[in-house]
Amino acid sequence: MQTSLNRISAFFIVFFITGAVFSQDLGSEMVEVVKPYTPSISDAFKIKEKPAIIDSVNMDKREVQYRIFSFPVASTFSPAKGRATAVERERPVKVYDNYATLGFGSYTSILAEFYSNLEVTRNSDLGIFFTHNSAQGGIEGVVLDDQFYDSELNLNYTSRGRKSTWKTEVGALHQLYNWYGVNPNMVEDYLTEGLDPLHNYFSVYAGSEVRLEDSFFDKARARYRFFGDDFGSAEHHLSFRPSLEIPIAGELFNTNLVLDYVGGSFDRGYFLEEALDYTYLNLGLESGLVILRDDLTLNLGAAIYYRQNLEKSTTGVYIYPQVTASYRMAGEYFVAYAGLEGKLKENTYYNFVQQNPFVSPTLDVQPTDQQYDAYVGAKGKLSNTIGYNLRGSFVSEDFKPLFRANPVSSFRNNEGYAYGNSFSVVYDQVNTISAFGELNMDLSRNFNLRVNAEYFIYDTDIEEEAWNLPDFKASFLADYQITENWFAGANLFLVGERKDRRYADVLTAENAFSEIVTLSSYFDINANLGYRFNDRLSIFAKGNNLLGDNYETWMDYPVLGLPVMAGATYQFDF
């Protein structure tokens, strides 16, 4: 307190003295500045960052302690319950147990299909399927009838248990074709007058399959088919294939037993009146060990077959490798695979007819010894919507069947297939090198594309050419759901050149000759368009061979020019 009074007293004394001095009259004088003042750093003094504080009272800072006194506060606020945002769900597509399709088109063509699935009990169903496809013909430049039809009826029954599934089926097939491929430059018109090129095929079949769960006995399949024609040909084919799966030391051991019987006869040969009979019994054992290691899948197996020719009383034993491997090098984006496989393939009259319906009922039927099929490839995805598959292979086959045109045999003018308008089967050792590529594109939920192509190089042992085998094949398939009601699709097929041999009448010395004929490659464009009125009813229109080219699938067998068809499909439940 004393210090403060001293400071106040000193302040008043200085104030009064200063006032007295300024109150004197000093007069007017001129002051001339000779040298301006130039300050220097030495004239300045540094202020201390922490000046000393001189205070008589020095108190320490007290520590502040905080305490929280919590007590409940009454509130009437009630938060609303949250609700998930509503997601618009698509209406599930109604699946019906039955449908019927009927269509009519040019060349008086008819397409009919019917399918029905009837629930017999809770765990069993009965299925009925019928299909019919026919046309009355009218191909430009053809001198003989060229109508055809193909009908099949199938009945199947399925029963499902807790640990087993059993399915059985029976069916019948009727096919009608004409040997209309007569070359007018090779056969005189008078020879074809009154010629009936019509022939029919008939087939009945029955089969059964059983599958078991939690058992080393995996499945078994049995099938029987009778196939014949209206020229006295008949064939019986019976096959039985049980399969076993046995776990061994954490791996899976697969075994397939094979019993295959084929027996048939033709009334005569092409040149001889003697009947042609064939009977083969094949017994086989196919075994393999499946090894799974992270991204590696390896199947180490082999097959052994015992074949007996019951007509000639000859036997043979065949051993084949069956080794496959795949490795995921980049997950689903790149999977490398390879294999070395062989098998004894049973050929039948039925299979030949399905490949070429214009064969003559005078065939030589033998099994094919596929010695090995060595292949290597890669498959995977380029993106989430694009998949690919690339493969190269080398196949060696002995007794490989090749379709070759029959020569003209005018002395048998009562047969509709004896004018160079039918095909026989010849066998040869054929080595095939092929390269295959495919792209699958799901561009959207409503648009799907698939493109593939394959190139072939053949090497034969006896025959001059690999008769009627194309040097390349390519296809383009597209399906597009345009709107909820409109849908469309397109199929494009490109088949390369094939070779066949044309014979003159080899039984007469006059004008007898033969030549190799090259069949031109062809491009076939097919398209369809449809409209769906509701879940039950839809209509469609489709056209085949839209380029209108009468190309030849077989020598002297042109196809229909531009067949178009329209029809409707109706789905329903009983």
# chains A, B, ... in the order shown; residues from 1 in each chain; ligands from 1
>>> select_by_dssp(residues="stretch 60-270 of chain A", states="alpha helix (DSSP H)", output="NGL selection string")
:A and (189-192)
>>> write_last_selection(atoms="C-alpha atoms", output="mmCIF file, in the first residue's frame")
data_model
loop_
_atom_site.group_PDB
_atom_site.id
_atom_site.type_symbol
_atom_site.label_atom_id
_atom_site.label_comp_id
_atom_site.auth_asym_id
_atom_site.auth_seq_id
_atom_site.Cartn_x
_atom_site.Cartn_y
_atom_site.Cartn_z
ATOM 1 C CA ASP A 189 -34.717 -89.171 -116.777
ATOM 2 C CA TYR A 190 -36.339 -92.429 -117.810
ATOM 3 C CA LEU A 191 -34.549 -94.257 -114.976
ATOM 4 C CA THR A 192 -36.187 -92.069 -112.342
#
>>> residues_around(residues="A:Lys542", least_positions_apart="6", cutoff="8 Å", atoms="only C-alpha atoms", output="mmCIF file with N, CA, C and O atoms, in the first residue's frame")
data_model
loop_
_atom_site.group_PDB
_atom_site.id
_atom_site.type_symbol
_atom_site.label_atom_id
_atom_site.label_comp_id
_atom_site.auth_asym_id
_atom_site.auth_seq_id
_atom_site.Cartn_x
_atom_site.Cartn_y
_atom_site.Cartn_z
ATOM 1 N N ASN A 526 -30.581 -67.913 -89.055
ATOM 2 C CA ASN A 526 -31.927 -68.182 -88.548
ATOM 3 C C ASN A 526 -32.275 -67.129 -87.495
ATOM 4 O O ASN A 526 -31.414 -66.727 -86.708
ATOM 5 N N ALA A 527 -33.506 -66.702 -87.473
ATOM 6 C CA ALA A 527 -33.939 -65.675 -86.519
ATOM 7 C C ALA A 527 -35.365 -65.958 -86.082
ATOM 8 O O ALA A 527 -36.156 -66.570 -86.813
ATOM 9 N N ASN A 528 -35.691 -65.502 -84.871
ATOM 10 C CA ASN A 528 -37.057 -65.644 -84.369
ATOM 11 C C ASN A 528 -37.451 -64.404 -83.585
ATOM 12 O O ASN A 528 -36.583 -63.711 -83.022
ATOM 13 N N LEU A 529 -38.734 -64.125 -83.573
ATOM 14 C CA LEU A 529 -39.292 -62.973 -82.859
ATOM 15 C C LEU A 529 -40.595 -63.408 -82.212
ATOM 16 O O LEU A 529 -41.393 -64.120 -82.832
ATOM 17 N N VAL A 564 -40.253 -70.088 -93.579
ATOM 18 C CA VAL A 564 -40.707 -69.213 -92.503
ATOM 19 C C VAL A 564 -41.897 -69.872 -91.823
ATOM 20 O O VAL A 564 -42.627 -70.668 -92.430
ATOM 21 N N MET A 565 -42.087 -69.518 -90.551
ATOM 22 C CA MET A 565 -43.141 -70.159 -89.761
ATOM 23 C C MET A 565 -43.641 -69.194 -88.708
ATOM 24 O O MET A 565 -42.880 -68.346 -88.206
ATOM 25 N N ALA A 566 -44.915 -69.320 -88.348
ATOM 26 C CA ALA A 566 -45.518 -68.546 -87.265
ATOM 27 C C ALA A 566 -46.386 -69.486 -86.445
ATOM 28 O O ALA A 566 -46.974 -70.441 -86.977
#
>>> residues_around(residues="A:Ser151", least_positions_apart="2", cutoff="10 Å", atoms="only C-alpha atoms", output="list in words")
Leu111, Ala112, Glu113, Phe130, Thr131, His132, Asn133, Ser134, Tyr149, Leu153, Ala172, Leu173, His174, Gln175 and Leu176 of chain A
>>> write_last_selection(atoms="all heavy atoms", output="CSV table (one decimal), in the first residue's frame")
chain,number,residue,atom,x,y,z
A,111,LEU,N,-45.0,-77.5,-87.1
A,111,LEU,CA,-44.3,-77.7,-85.8
A,111,LEU,C,-45.3,-77.9,-84.7
A,111,LEU,O,-46.1,-77.0,-84.5
A,111,LEU,CB,-43.3,-76.6,-85.6
A,111,LEU,CG,-42.6,-76.6,-84.2
A,111,LEU,CD1,-41.6,-77.8,-84.2
A,111,LEU,CD2,-41.8,-75.3,-83.9
A,112,ALA,N,-45.1,-79.0,-84.0
A,112,ALA,CA,-46.1,-79.2,-82.8
A,112,ALA,C,-45.3,-79.8,-81.7
A,112,ALA,O,-44.4,-80.7,-81.9
A,112,ALA,CB,-47.2,-80.2,-83.2
A,113,GLU,N,-45.5,-79.3,-80.5
A,113,GLU,CA,-44.9,-79.8,-79.2
A,113,GLU,C,-46.0,-79.8,-78.1
A,113,GLU,O,-46.8,-78.9,-78.1
A,113,GLU,CB,-43.7,-78.9,-78.8
A,113,GLU,CG,-42.5,-79.1,-79.7
A,113,GLU,CD,-41.3,-78.3,-79.1
A,113,GLU,OE1,-41.5,-77.7,-78.0
A,113,GLU,OE2,-40.3,-78.2,-79.8
A,130,PHE,N,-44.3,-84.8,-76.4
A,130,PHE,CA,-44.5,-85.2,-77.8
A,130,PHE,C,-44.0,-84.0,-78.7
A,130,PHE,O,-44.2,-82.9,-78.4
A,130,PHE,CB,-46.0,-85.4,-78.1
A,130,PHE,CG,-46.3,-85.6,-79.6
A,130,PHE,CD1,-46.1,-86.8,-80.2
A,130,PHE,CD2,-46.8,-84.5,-80.3
A,130,PHE,CE1,-46.3,-86.9,-81.6
A,130,PHE,CE2,-47.1,-84.7,-81.7
A,130,PHE,CZ,-46.9,-85.9,-82.3
A,131,THR,N,-43.3,-84.4,-79.8
A,131,THR,CA,-42.8,-83.4,-80.7
A,131,THR,C,-43.0,-83.9,-82.1
A,131,THR,O,-42.9,-85.1,-82.4
A,131,THR,CB,-41.3,-83.1,-80.4
A,131,THR,OG1,-40.8,-82.1,-81.4
A,131,THR,CG2,-40.5,-84.3,-80.5
A,132,HIS,N,-43.3,-82.9,-83.0
A,132,HIS,CA,-43.5,-83.3,-84.5
A,132,HIS,C,-42.9,-82.1,-85.3
A,132,HIS,O,-43.2,-80.9,-85.0
A,132,HIS,CB,-45.0,-83.5,-84.7
A,132,HIS,CG,-45.2,-83.6,-86.2
A,132,HIS,ND1,-45.1,-84.8,-86.9
A,132,HIS,CD2,-45.6,-82.7,-87.1
A,132,HIS,CE1,-45.4,-84.6,-88.2
A,132,HIS,NE2,-45.7,-83.4,-88.3
A,133,ASN,N,-42.2,-82.4,-86.3
A,133,ASN,CA,-41.6,-81.4,-87.2
A,133,ASN,C,-41.7,-82.0,-88.6
A,133,ASN,O,-41.2,-83.1,-88.9
A,133,ASN,CB,-40.2,-81.1,-86.9
A,133,ASN,CG,-39.7,-79.9,-87.7
A,133,ASN,OD1,-40.4,-79.2,-88.3
A,133,ASN,ND2,-38.4,-79.8,-87.8
A,134,SER,N,-42.3,-81.3,-89.6
A,134,SER,CA,-42.5,-81.9,-90.9
A,134,SER,C,-42.6,-80.7,-91.9
A,134,SER,O,-42.9,-79.6,-91.6
A,134,SER,CB,-43.8,-82.7,-91.0
A,134,SER,OG,-45.0,-81.9,-90.8
A,149,TYR,N,-40.8,-85.9,-92.3
A,149,TYR,CA,-41.4,-85.6,-91.0
A,149,TYR,C,-40.7,-86.4,-89.9
A,149,TYR,O,-40.1,-87.5,-90.2
A,149,TYR,CB,-42.9,-85.7,-90.9
A,149,TYR,CG,-43.5,-87.0,-90.8
A,149,TYR,CD1,-43.5,-87.7,-89.6
A,149,TYR,CD2,-44.1,-87.6,-91.9
A,149,TYR,CE1,-44.1,-89.0,-89.5
A,149,TYR,CE2,-44.7,-88.8,-91.8
A,149,TYR,CZ,-44.7,-89.5,-90.6
A,149,TYR,OH,-45.3,-90.8,-90.5
A,153,LEU,N,-42.6,-89.6,-79.2
A,153,LEU,CA,-43.4,-89.6,-78.0
A,153,LEU,C,-42.5,-90.2,-76.9
A,153,LEU,O,-42.0,-91.3,-77.1
A,153,LEU,CB,-44.7,-90.4,-78.2
A,153,LEU,CG,-45.5,-90.5,-77.0
A,153,LEU,CD1,-46.1,-89.2,-76.5
A,153,LEU,CD2,-46.7,-91.5,-77.3
A,172,ALA,N,-41.2,-93.8,-78.4
A,172,ALA,CA,-41.3,-94.3,-79.7
A,172,ALA,C,-40.9,-93.1,-80.7
A,172,ALA,O,-41.2,-91.9,-80.4
A,172,ALA,CB,-42.7,-94.8,-80.0
A,173,LEU,N,-40.3,-93.5,-81.8
A,173,LEU,CA,-39.9,-92.5,-82.8
A,173,LEU,C,-40.3,-93.0,-84.2
A,173,LEU,O,-40.2,-94.2,-84.5
A,173,LEU,CB,-38.3,-92.4,-82.7
A,173,LEU,CG,-37.6,-91.6,-83.8
A,173,LEU,CD1,-37.9,-90.1,-83.5
A,173,LEU,CD2,-36.1,-91.8,-83.7
A,174,HIS,N,-40.7,-92.0,-85.0
A,174,HIS,CA,-41.0,-92.3,-86.4
A,174,HIS,C,-40.5,-91.2,-87.3
A,174,HIS,O,-40.8,-90.0,-87.0
A,174,HIS,CB,-42.5,-92.5,-86.6
A,174,HIS,CG,-42.9,-92.8,-88.1
A,174,HIS,ND1,-44.1,-92.5,-88.6
A,174,HIS,CD2,-42.2,-93.3,-89.1
A,174,HIS,CE1,-44.2,-92.9,-89.9
A,174,HIS,NE2,-43.0,-93.4,-90.2
A,175,GLN,N,-39.6,-91.5,-88.2
A,175,GLN,CA,-39.0,-90.6,-89.1
A,175,GLN,C,-39.3,-91.0,-90.6
A,175,GLN,O,-39.1,-92.2,-90.9
A,175,GLN,CB,-37.5,-90.4,-88.9
A,175,GLN,CG,-37.2,-89.9,-87.5
A,175,GLN,CD,-35.7,-90.0,-87.2
A,175,GLN,OE1,-35.1,-91.1,-87.2
A,175,GLN,NE2,-35.1,-88.9,-86.8
A,176,LEU,N,-39.5,-90.0,-91.4
A,176,LEU,CA,-39.8,-90.2,-92.9
A,176,LEU,C,-38.9,-89.3,-93.7
A,176,LEU,O,-38.9,-88.1,-93.4
A,176,LEU,CB,-41.3,-90.0,-93.2
A,176,LEU,CG,-41.7,-90.2,-94.6
A,176,LEU,CD1,-43.2,-90.7,-94.7
A,176,LEU,CD2,-41.6,-88.9,-95.5
>>> select_by_dssp(residues="stretch 201-339 of chain A", states="strand (DSSP E or B)", output="PyMOL selection string")
chain A and resi 201-212+217-229+234-248+251-266+276-293+296-309+314-328+330+332+335-339
>>> closest_residue(among="A:Val143, A:Ile539, A:Ile433, A:Ile386", to="A:Ala100", atoms="only C-alpha atoms")
A:Ile539
>>> residues_around(residues="A:Val142", least_positions_apart="5", cutoff="8 Å", atoms="only C-alpha atoms", output="PyMOL selection string")
chain A and resi 180-182
>>> write_last_selection(atoms="N, CA, C and O atoms", output="short mmCIF file (atom, residue, chain, number, x, y, z; two decimals), in the first residue's frame")
data_model
loop_
_atom_site.label_atom_id
_atom_site.label_comp_id
_atom_site.auth_asym_id
_atom_site.auth_seq_id
_atom_site.Cartn_x
_atom_site.Cartn_y
_atom_site.Cartn_z
N TYR A 180 -33.87 -87.87 -102.27
CA TYR A 180 -34.16 -87.01 -103.41
C TYR A 180 -32.89 -86.48 -104.10
O TYR A 180 -32.97 -85.75 -105.09
N GLY A 181 -31.70 -86.84 -103.61
CA GLY A 181 -30.47 -86.28 -104.14
C GLY A 181 -29.96 -86.97 -105.39
O GLY A 181 -28.82 -87.45 -105.43
N VAL A 182 -30.75 -87.02 -106.45
CA VAL A 182 -30.34 -87.60 -107.73
C VAL A 182 -29.75 -86.51 -108.60
O VAL A 182 -30.38 -85.47 -108.81
#
>>> residues_around(residues="stretch 271-277 of chain A", least_positions_apart="4", cutoff="8 Å", atoms="only C-alpha atoms", output="list in words")
Gly263, Gly264, Ser265, Phe266, Asp267, Glu311, Thr362, Leu363 and Asp364 of chain A
>>> atom_distance(atom1="atom CA of A:Lys163", atom2="atom CA of A:Ser287")
24.5 Å
>>> residues_around(residues="A:Asp373", least_positions_apart="3", cutoff="7 Å", atoms="only C-alpha atoms", output="PyMOL selection string")
chain A and resi 340-342+393-396
